[in-house]
$ cat final-v3.pdb   # PDB, C-alpha atoms and all ligand atoms
ATOM      1  CA  MET A  24      40.143   3.160   9.905  1.00  0.00           C
ATOM      2  CA  ALA A  25      38.581   3.353  13.323  1.00  0.00           C
ATOM      3  CA  ASP A  26      36.915   6.637  12.427  1.00  0.00           C
ATOM      4  CA  ASN A  27      35.510   5.103   9.297  1.00  0.00           C
ATOM      5  CA  GLN A  28      34.076   2.175  11.261  1.00  0.00           C
ATOM      6  CA  ASN A  29      32.617   4.483  13.854  1.00  0.00           C
ATOM      7  CA  SER A  30      30.699   6.439  11.249  1.00  0.00           C
ATOM      8  CA  ASN A  31      28.941   3.236  10.247  1.00  0.00           C
ATOM      9  CA  ARG A  32      27.696   2.493  13.742  1.00  0.00           C
ATOM     10  CA  PHE A  33      23.945   2.672  14.248  1.00  0.00           C
ATOM     11  CA  TYR A  34      24.618   3.330  17.932  1.00  0.00           C
ATOM     12  CA  GLU A  35      27.214   6.077  17.509  1.00  0.00           C
ATOM     13  CA  GLY A  36      26.839   8.524  20.370  1.00  0.00           C
ATOM     14  CA  ARG A  37      24.575   6.162  22.311  1.00  0.00           C
ATOM     15  CA  CYS A  38      26.891   3.489  23.690  1.00  0.00           C
ATOM     16  CA  ALA A  39      30.482   2.304  23.501  1.00  0.00           C
ATOM     17  CA  PRO A  40      31.424  -0.056  20.652  1.00  0.00           C
ATOM     18  CA  PHE A  41      30.919  -3.754  21.418  1.00  0.00           C
ATOM     19  CA  ASP A  42      31.304  -7.125  19.707  1.00  0.00           C
ATOM     20  CA  HIS A  43      28.718  -8.002  17.044  1.00  0.00           C
ATOM     21  CA  GLU A  44      27.093  -4.591  17.212  1.00  0.00           C
ATOM     22  CA  PRO A  45      25.043  -3.698  14.128  1.00  0.00           C
ATOM     23  CA  THR A  46      26.730  -1.472  11.550  1.00  0.00           C
ATOM     24  CA  ARG A  47      25.710   0.001   8.221  1.00  0.00           C
ATOM     25  CA  ASP A  48      28.395  -2.181   6.628  1.00  0.00           C
ATOM     26  CA  ASN A  49      26.256  -5.214   7.380  1.00  0.00           C
ATOM     27  CA  LEU A  50      22.673  -4.106   7.868  1.00  0.00           C
ATOM     28  CA  ALA A  51      20.253  -1.606   6.396  1.00  0.00           C
ATOM     29  CA  VAL A  52      16.816  -0.319   7.285  1.00  0.00           C
ATOM     30  CA  ILE A  53      14.729  -0.211   4.121  1.00  0.00           C
ATOM     31  CA  GLN A  54      11.174   0.652   3.203  1.00  0.00           C
ATOM     32  CA  SER A  55       9.093  -1.550   0.950  1.00  0.00           C
ATOM     33  CA  ASP A  56       5.520  -1.152  -0.227  1.00  0.00           C
ATOM     34  CA  SER A  57       4.468  -4.618   0.836  1.00  0.00           C
ATOM     35  CA  LYS A  58       6.201  -4.992   4.175  1.00  0.00           C
ATOM     36  CA  GLY A  59       6.814  -1.468   5.366  1.00  0.00           C
ATOM     37  CA  GLU A  60      10.000  -0.603   7.174  1.00  0.00           C
ATOM     38  CA  GLY A  61      12.296  -3.492   7.944  1.00  0.00           C
ATOM     39  CA  LEU A  62      15.863  -4.519   8.619  1.00  0.00           C
ATOM     40  CA  THR A  63      17.810  -6.303   5.898  1.00  0.00           C
ATOM     41  CA  THR A  64      21.256  -7.814   5.648  1.00  0.00           C
ATOM     42  CA  LEU A  65      23.727  -6.490   3.093  1.00  0.00           C
ATOM     43  CA  LYS A  66      25.847  -9.634   3.347  1.00  0.00           C
ATOM     44  CA  ALA A  67      25.162 -13.361   3.225  1.00  0.00           C
ATOM     45  CA  ILE A  68      24.940 -14.971   6.661  1.00  0.00           C
ATOM     46  CA  LYS A  69      25.548 -18.609   7.552  1.00  0.00           C
ATOM     47  CA  GLU A  70      23.223 -20.698   9.689  1.00  0.00           C
ATOM     48  CA  GLY A  71      24.250 -20.440  13.329  1.00  0.00           C
ATOM     49  CA  ASP A  72      26.119 -17.157  12.892  1.00  0.00           C
ATOM     50  CA  VAL A  73      25.465 -14.254  15.219  1.00  0.00           C
ATOM     51  CA  VAL A  74      23.663 -11.723  13.014  1.00  0.00           C
ATOM     52  CA  PHE A  75      24.014  -8.896  15.514  1.00  0.00           C
ATOM     53  CA  ARG A  76      23.775  -7.964  19.144  1.00  0.00           C
ATOM     54  CA  PHE A  77      21.616  -5.016  20.028  1.00  0.00           C
ATOM     55  CA  TRP A  78      21.706  -2.407  22.712  1.00  0.00           C
ATOM     56  CA  GLY A  79      19.143  -0.236  24.397  1.00  0.00           C
ATOM     57  CA  PRO A  80      18.012   1.029  27.770  1.00  0.00           C
ATOM     58  CA  LYS A  81      15.889  -1.122  30.049  1.00  0.00           C
ATOM     59  CA  VAL A  82      12.416   0.376  30.261  1.00  0.00           C
ATOM     60  CA  SER A  83       9.166  -0.519  31.985  1.00  0.00           C
ATOM     61  CA  GLU A  84       6.930   0.699  29.165  1.00  0.00           C
ATOM     62  CA  GLN A  85       6.330  -1.522  26.149  1.00  0.00           C
ATOM     63  CA  SER A  86       6.336   0.101  22.700  1.00  0.00           C
ATOM     64  CA  LEU A  87       6.738  -0.769  19.038  1.00  0.00           C
ATOM     65  CA  PHE A  88      10.492  -0.606  19.585  1.00  0.00           C
ATOM     66  CA  THR A  89      10.844  -2.839  22.639  1.00  0.00           C
ATOM     67  CA  LEU A  90      11.315  -6.525  23.234  1.00  0.00           C
ATOM     68  CA  GLN A  91      10.459  -8.177  26.524  1.00  0.00           C
ATOM     69  CA  GLN A  92      13.345  -9.371  28.684  1.00  0.00           C
ATOM     70  CA  ALA A  93      11.196 -10.337  31.670  1.00  0.00           C
ATOM     71  CA  PRO A  94       7.611  -9.577  32.673  1.00  0.00           C
ATOM     72  CA  GLY A  95       7.423  -5.774  32.886  1.00  0.00           C
ATOM     73  CA  VAL A  96      11.036  -5.356  31.745  1.00  0.00           C
ATOM     74  CA  TYR A  97      11.742  -4.304  28.180  1.00  0.00           C
ATOM     75  CA  ILE A  98      14.781  -3.348  26.106  1.00  0.00           C
ATOM     76  CA  GLU A  99      14.151  -0.360  23.860  1.00  0.00           C
ATOM     77  CA  ASP A 100      15.980   0.068  20.557  1.00  0.00           C
ATOM     78  CA  PRO A 101      14.163   2.128  17.924  1.00  0.00           C
ATOM     79  CA  LEU A 102      17.216   2.116  15.641  1.00  0.00           C
ATOM     80  CA  VAL A 103      17.934  -1.523  14.817  1.00  0.00           C
ATOM     81  CA  MET A 104      16.190  -4.249  16.853  1.00  0.00           C
ATOM     82  CA  GLY A 105      12.940  -2.300  16.680  1.00  0.00           C
ATOM     83  CA  LYS A 106      13.042  -2.590  12.864  1.00  0.00           C
ATOM     84  CA  VAL A 107      13.143  -6.400  12.826  1.00  0.00           C
ATOM     85  CA  LEU A 108       9.976  -7.709  11.186  1.00  0.00           C
ATOM     86  CA  HIS A 109       7.943 -10.664  12.406  1.00  0.00           C
ATOM     87  CA  ALA A 110       7.718 -13.969  10.550  1.00  0.00           C
ATOM     88  CA  CYS A 111       6.151 -17.215  11.747  1.00  0.00           C
ATOM     89  CA  ASP A 112       9.088 -19.176  10.273  1.00  0.00           C
ATOM     90  CA  PRO A 113      11.811 -16.565  10.863  1.00  0.00           C
ATOM     91  CA  ASN A 114      15.452 -16.529   9.799  1.00  0.00           C
ATOM     92  CA  MET A 115      16.698 -15.461  13.253  1.00  0.00           C
ATOM     93  CA  ILE A 116      16.124 -16.367  16.881  1.00  0.00           C
ATOM     94  CA  CYS A 117      16.481 -13.801  19.635  1.00  0.00           C
ATOM     95  CA  ASP A 118      18.193 -14.422  22.982  1.00  0.00           C
ATOM     96  CA  MET A 119      16.885 -11.753  25.349  1.00  0.00           C
ATOM     97  CA  GLN A 120      19.503 -12.467  28.015  1.00  0.00           C
ATOM     98  CA  THR A 121      22.472 -11.768  25.734  1.00  0.00           C
ATOM     99  CA  LEU A 122      20.461  -9.504  23.346  1.00  0.00           C
ATOM    100  CA  THR A 123      21.727 -11.572  20.441  1.00  0.00           C
ATOM    101  CA  PHE A 124      20.106 -12.475  17.127  1.00  0.00           C
ATOM    102  CA  THR A 125      21.371 -15.741  15.613  1.00  0.00           C
ATOM    103  CA  ALA A 126      20.643 -17.070  12.114  1.00  0.00           C
ATOM    104  CA  THR A 127      18.393 -20.160  12.052  1.00  0.00           C
ATOM    105  CA  ARG A 128      19.222 -20.827   8.392  1.00  0.00           C
ATOM    106  CA  PRO A 129      21.409 -19.361   5.661  1.00  0.00           C
ATOM    107  CA  ILE A 130      20.317 -15.815   4.838  1.00  0.00           C
ATOM    108  CA  THR A 131      21.103 -14.205   1.496  1.00  0.00           C
ATOM    109  CA  ALA A 132      22.152 -10.607   0.989  1.00  0.00           C
ATOM    110  CA  GLY A 133      19.113  -8.367   0.618  1.00  0.00           C
ATOM    111  CA  GLU A 134      16.783 -10.591   2.634  1.00  0.00           C
ATOM    112  CA  TYR A 135      14.670  -9.144   5.408  1.00  0.00           C
ATOM    113  CA  LEU A 136      15.817 -10.235   8.853  1.00  0.00           C
ATOM    114  CA  THR A 137      12.918 -11.675  10.822  1.00  0.00           C
ATOM    115  CA  MET A 138      12.050 -13.056  14.229  1.00  0.00           C
ATOM    116  CA  ASP A 139       8.968 -14.594  15.824  1.00  0.00           C
ATOM    117  CA  TYR A 140       7.484 -11.942  18.123  1.00  0.00           C
ATOM    118  CA  ASP A 141       5.667 -14.663  20.075  1.00  0.00           C
ATOM    119  CA  THR A 142       9.027 -15.979  21.319  1.00  0.00           C
ATOM    120  CA  THR A 143       9.761 -12.885  23.410  1.00  0.00           C
ATOM    121  CA  GLU A 144       6.482 -11.067  24.083  1.00  0.00           C
ATOM    122  CA  ASP A 145       3.880 -12.266  26.578  1.00  0.00           C
ATOM    123  CA  VAL A 146       1.421  -9.866  25.005  1.00  0.00           C
ATOM    124  CA  LEU A 147       2.173  -7.821  21.914  1.00  0.00           C
ATOM    125  CA  PHE A 148       2.139  -4.043  22.133  1.00  0.00           C
ATOM    126  CA  ARG A 149       0.159  -4.018  18.912  1.00  0.00           C
ATOM    127  CA  THR A 150      -1.457  -7.254  17.749  1.00  0.00           C
ATOM    128  CA  PHE A 151      -1.752  -7.865  14.034  1.00  0.00           C
ATOM    129  CA  THR A 152      -2.669 -10.500  11.483  1.00  0.00           C
ATOM    130  CA  CYS A 153       0.466 -11.961   9.935  1.00  0.00           C
ATOM    131  CA  ARG A 154       0.649 -12.514   6.213  1.00  0.00           C
ATOM    132  CA  CYS A 155       4.213 -13.798   6.040  1.00  0.00           C
ATOM    133  CA  GLY A 156       3.225 -16.429   3.498  1.00  0.00           C
ATOM    134  CA  SER A 157       4.832 -19.334   5.346  1.00  0.00           C
ATOM    135  CA  PRO A 158       2.933 -22.653   5.482  1.00  0.00           C
ATOM    136  CA  LYS A 159       3.497 -22.282   9.234  1.00  0.00           C
ATOM    137  CA  CYS A 160       1.849 -18.850   9.367  1.00  0.00           C
ATOM    138  CA  ARG A 161      -0.301 -18.544  12.471  1.00  0.00           C
ATOM    139  CA  GLY A 162      -2.339 -15.541  11.316  1.00  0.00           C
ATOM    140  CA  PRO A 163      -3.183 -13.417  14.358  1.00  0.00           C
ATOM    141  CA  ILE A 164      -0.032 -12.603  16.339  1.00  0.00           C
ATOM    142  CA  GLN A 165      -0.828 -11.486  19.874  1.00  0.00           C
ATOM    143  CA  GLY A 166       1.987 -12.721  22.089  1.00  0.00           C
ATOM    144  CA  ARG A 167       2.858 -16.092  23.543  1.00  0.00           C
ATOM    145  CA  LEU A 168       0.222 -15.972  26.269  1.00  0.00           C
ATOM    146  CA  ALA A 169      -2.436 -15.993  23.555  1.00  0.00           C
ATOM    147  CA  GLN A 170      -1.014 -18.959  21.639  1.00  0.00           C
ATOM    148  CA  GLY A 171      -3.426 -21.837  21.343  1.00  0.00           C
ATOM    149  CA  GLN A 172      -6.298 -19.794  22.643  1.00  0.00           C
ATOM    150  CA  PRO A 173      -9.299 -18.818  20.609  1.00  0.00           C
ATOM    151  CA  VAL A 174      -8.852 -15.525  18.895  1.00  0.00           C
ATOM    152  CA  VAL A 175     -11.303 -12.844  19.811  1.00  0.00           C
ATOM    153  CA  LYS A 176     -12.588 -11.464  16.558  1.00  0.00           C
ATOM    154  CA  GLN A 177     -14.278  -8.171  16.112  1.00  0.00           C
ATOM    155  CA  SER A 178     -17.904  -8.873  15.435  1.00  0.00           C
ATOM    156  CA  HIS A 179     -21.114  -6.999  15.286  1.00  0.00           C
ATOM    157  CA  LEU A 180     -23.839  -9.206  16.630  1.00  0.00           C
ATOM    158  CA  SER A 181     -26.625  -6.686  16.563  1.00  0.00           C
TER     159      SER A 181
HETATM  160 ZN    ZN B 201       3.011 -15.514   9.603  1.00  0.00          ZN
END
$ encode --input "final-v3.pdb" --output "structure tokens"
Amino acid sequence: MADNQNSNRFYEGRCAPFDHEPTRDNLAVIQSDSKGEGLTTLKAIKEGDVVFRFWGPKVSEQSLFTLQQAPGVYIEDPLVMGKVLHACDPNMICDMQTLTFTATRPITAGEYLTMDYDTTEDVLFRTFTCRCGSPKCRGPIQGRLAQGQPVVKQSHLS
């Protein structure tokens, strides 16, 4: 049984097993035409439940697969956390001290798991214009330091 569980670990060979770690029994990375690569849940999740805890080395370089723990300090996980898509009204919140994602509402099996990148990142590694479709959608997502400030748009004044 233990062997079977181990084979479903995303982090097999990277770190020792731990509570609430992501496994392929619960989560899947899928590719869709509209949203690209993203993390989905295979099982229904209740509001307030821990969805998963992630693991990764502390690094000083930001990338597409890091989240900010403190200014200049990032956790890097290209396998699971790094696949979580952004939404302006997300179904998870991220605690960067415990590296825990918690459900903000009931999530159905097959749904993309999402977080608000502005809640962890001072400045995004790669800014983008969100099209999550929520009435709360903020459009340009740049990091929390940019919130409420005018967006610099590319323009050609000549
Ligand atoms: Zn949005």
$ resolve_selection --input "final-v3.pdb" --expression "the PyMOL selection byres (((chain A and resi 122-135) around 10) and not hetatm)" --output "count of residues only"
49
$ residues_near_ligand --input "final-v3.pdb" --ligand "ligand ZN 201 (chain B)" --cutoff "8 Å" --atoms "only C-alpha atoms and all ligand atoms" --output "PyMOL selection string"
chain A and resi 109-112+152-157+159-162+164
$ atom_distance --input "final-v3.pdb" --atom1 "atom CA of Val103 of chain A" --atom2 "atom CA of Tyr34 of chain A"
8.8 Å
$ resolve_selection --input "final-v3.pdb" --expression "the PyMOL selection byres (((chain A and resi 96) around 8) and not hetatm)" --output "JSON, numbers by chain"
{"A": [81, 82, 83, 84, 91, 92, 93, 94, 95, 97, 98]}
$ write_last_selection --input "final-v3.pdb" --atoms "C-alpha atoms" --output "mmCIF file, in the frame of the given file"
data_model
loop_
_atom_site.group_PDB
_atom_site.id
_atom_site.type_symbol
_atom_site.label_atom_id
_atom_site.label_comp_id
_atom_site.auth_asym_id
_atom_site.auth_seq_id
_atom_site.Cartn_x
_atom_site.Cartn_y
_atom_site.Cartn_z
ATOM 1 C CA LYS A 81 15.889 -1.122 30.049
ATOM 2 C CA VAL A 82 12.416 0.376 30.261
ATOM 3 C CA SER A 83 9.166 -0.519 31.985
ATOM 4 C CA GLU A 84 6.930 0.699 29.165
ATOM 5 C CA GLN A 91 10.459 -8.177 26.524
ATOM 6 C CA GLN A 92 13.345 -9.371 28.684
ATOM 7 C CA ALA A 93 11.196 -10.337 31.670
ATOM 8 C CA PRO A 94 7.611 -9.577 32.673
ATOM 9 C CA GLY A 95 7.423 -5.774 32.886
ATOM 10 C CA TYR A 97 11.742 -4.304 28.180
ATOM 11 C CA ILE A 98 14.781 -3.348 26.106
#
$ atom_distance --input "final-v3.pdb" --atom1 "atom CA of Arg149 of chain A" --atom2 "atom CA of Asp100 of chain A"
16.4 Å
$ atom_distance --input "final-v3.pdb" --atom1 "atom CA of Asn31 of chain A" --atom2 "atom CA of Asp48 of chain A"
6.5 Å
$ axis_aligned_box --input "final-v3.pdb" --around "segment 131-135 of chain A" --padding-each-side "3 Å" --output "AutoDock Vina command-line options"
--center_x 18.4 --center_y -11.3 --center_z 3.0 --size_x 13.5 --size_y 11.8 --size_z 10.8
$ closest_residue --input "final-v3.pdb" --among "A:Leu168, A:Leu102, A:Cys38, A:Leu87" --to "Glu144 of chain A" --atoms "only C-alpha atoms"
A:Leu168
$ resolve_selection --input "final-v3.pdb" --expression "the PyMOL selection byres (((chain A and resi 166) around 6) and not hetatm)" --output "JSON, numbers by chain"
{"A": [141, 144, 145, 146, 147, 165, 167, 168, 169]}
$ decode --input "final-v3.pdb" --residues "segment 128-153 of chain A" --atoms "N, CA and C atoms" --output "mmCIF file, in the first residue's frame"
data_model
loop_
_atom_site.group_PDB
_atom_site.id
_atom_site.type_symbol
_atom_site.label_atom_id
_atom_site.label_comp_id
_atom_site.auth_asym_id
_atom_site.auth_seq_id
_atom_site.Cartn_x
_atom_site.Cartn_y
_atom_site.Cartn_z
ATOM 1 N N ARG A 128 -14.056 28.204 -1.198
ATOM 2 C CA ARG A 128 -15.447 27.831 -1.486
ATOM 3 C C ARG A 128 -15.436 26.376 -1.908
ATOM 4 N N PRO A 129 -16.613 25.750 -1.989
ATOM 5 C CA PRO A 129 -16.630 24.363 -2.468
ATOM 6 C C PRO A 129 -16.071 24.292 -3.898
ATOM 7 N N ILE A 130 -15.281 23.271 -4.148
ATOM 8 C CA ILE A 130 -14.683 23.092 -5.474
ATOM 9 C C ILE A 130 -15.122 21.717 -5.982
ATOM 10 N N THR A 131 -15.589 21.670 -7.220
ATOM 11 C CA THR A 131 -16.069 20.404 -7.763
ATOM 12 C C THR A 131 -14.938 19.680 -8.493
ATOM 13 N N ALA A 132 -15.061 18.377 -8.576
ATOM 14 C CA ALA A 132 -14.072 17.569 -9.274
ATOM 15 C C ALA A 132 -13.960 18.050 -10.720
ATOM 16 N N GLY A 133 -12.740 18.207 -11.182
ATOM 17 C CA GLY A 133 -12.501 18.641 -12.556
ATOM 18 C C GLY A 133 -12.272 20.131 -12.692
ATOM 19 N N GLU A 134 -12.561 20.887 -11.639
ATOM 20 C CA GLU A 134 -12.339 22.335 -11.685
ATOM 21 C C GLU A 134 -10.849 22.665 -11.640
ATOM 22 N N TYR A 135 -10.481 23.747 -12.324
ATOM 23 C CA TYR A 135 -9.135 24.279 -12.148
ATOM 24 C C TYR A 135 -8.995 24.846 -10.740
ATOM 25 N N LEU A 136 -7.842 24.616 -10.136
ATOM 26 C CA LEU A 136 -7.513 25.246 -8.860
ATOM 27 C C LEU A 136 -6.848 26.582 -9.161
ATOM 28 N N THR A 137 -7.288 27.629 -8.471
ATOM 29 C CA THR A 137 -6.791 28.964 -8.780
ATOM 30 C C THR A 137 -6.424 29.717 -7.508
ATOM 31 N N MET A 138 -5.563 30.703 -7.699
ATOM 32 C CA MET A 138 -5.194 31.623 -6.624
ATOM 33 C C MET A 138 -5.072 33.015 -7.232
ATOM 34 N N ASP A 139 -4.993 34.014 -6.377
ATOM 35 C CA ASP A 139 -4.790 35.392 -6.824
ATOM 36 C C ASP A 139 -3.302 35.715 -6.691
ATOM 37 N N TYR A 140 -2.619 35.833 -7.831
ATOM 38 C CA TYR A 140 -1.166 36.057 -7.797
ATOM 39 C C TYR A 140 -0.800 37.358 -7.060
ATOM 40 N N ASP A 141 -1.734 38.320 -7.058
ATOM 41 C CA ASP A 141 -1.443 39.584 -6.383
ATOM 42 C C ASP A 141 -1.358 39.429 -4.863
ATOM 43 N N THR A 142 -1.818 38.297 -4.331
ATOM 44 C CA THR A 142 -1.783 38.123 -2.873
ATOM 45 C C THR A 142 -0.404 37.700 -2.379
ATOM 46 N N THR A 143 0.441 37.193 -3.263
ATOM 47 C CA THR A 143 1.773 36.768 -2.809
ATOM 48 C C THR A 143 2.898 37.576 -3.444
ATOM 49 N N GLU A 144 2.717 38.034 -4.672
ATOM 50 C CA GLU A 144 3.832 38.633 -5.414
ATOM 51 C C GLU A 144 3.822 40.158 -5.312
ATOM 52 N N ASP A 145 4.932 40.740 -4.918
ATOM 53 C CA ASP A 145 5.069 42.197 -4.968
ATOM 54 C C ASP A 145 5.006 42.663 -6.416
ATOM 55 N N VAL A 146 5.795 41.992 -7.242
ATOM 56 C CA VAL A 146 5.825 42.285 -8.671
ATOM 57 C C VAL A 146 5.843 40.942 -9.387
ATOM 58 N N LEU A 147 4.975 40.781 -10.362
ATOM 59 C CA LEU A 147 4.922 39.496 -11.060
ATOM 60 C C LEU A 147 6.154 39.271 -11.920
ATOM 61 N N PHE A 148 6.573 38.025 -12.022
ATOM 62 C CA PHE A 148 7.674 37.682 -12.920
ATOM 63 C C PHE A 148 7.287 38.018 -14.352
ATOM 64 N N ARG A 149 6.068 37.671 -14.705
ATOM 65 C CA ARG A 149 5.566 37.987 -16.044
ATOM 66 C C ARG A 149 4.157 38.544 -15.903
ATOM 67 N N THR A 150 3.993 39.846 -16.170
ATOM 68 C CA THR A 150 2.670 40.446 -16.047
ATOM 69 C C THR A 150 1.808 40.002 -17.225
ATOM 70 N N PHE A 151 0.504 40.025 -17.012
ATOM 71 C CA PHE A 151 -0.398 39.585 -18.073
ATOM 72 C C PHE A 151 -1.757 40.246 -17.861
ATOM 73 N N THR A 152 -2.595 40.180 -18.874
ATOM 74 C CA THR A 152 -3.953 40.676 -18.759
ATOM 75 C C THR A 152 -4.878 39.497 -18.504
ATOM 76 N N CYS A 153 -5.528 39.527 -17.335
ATOM 77 C CA CYS A 153 -6.383 38.410 -16.937
ATOM 78 C C CYS A 153 -7.698 38.448 -17.698
#
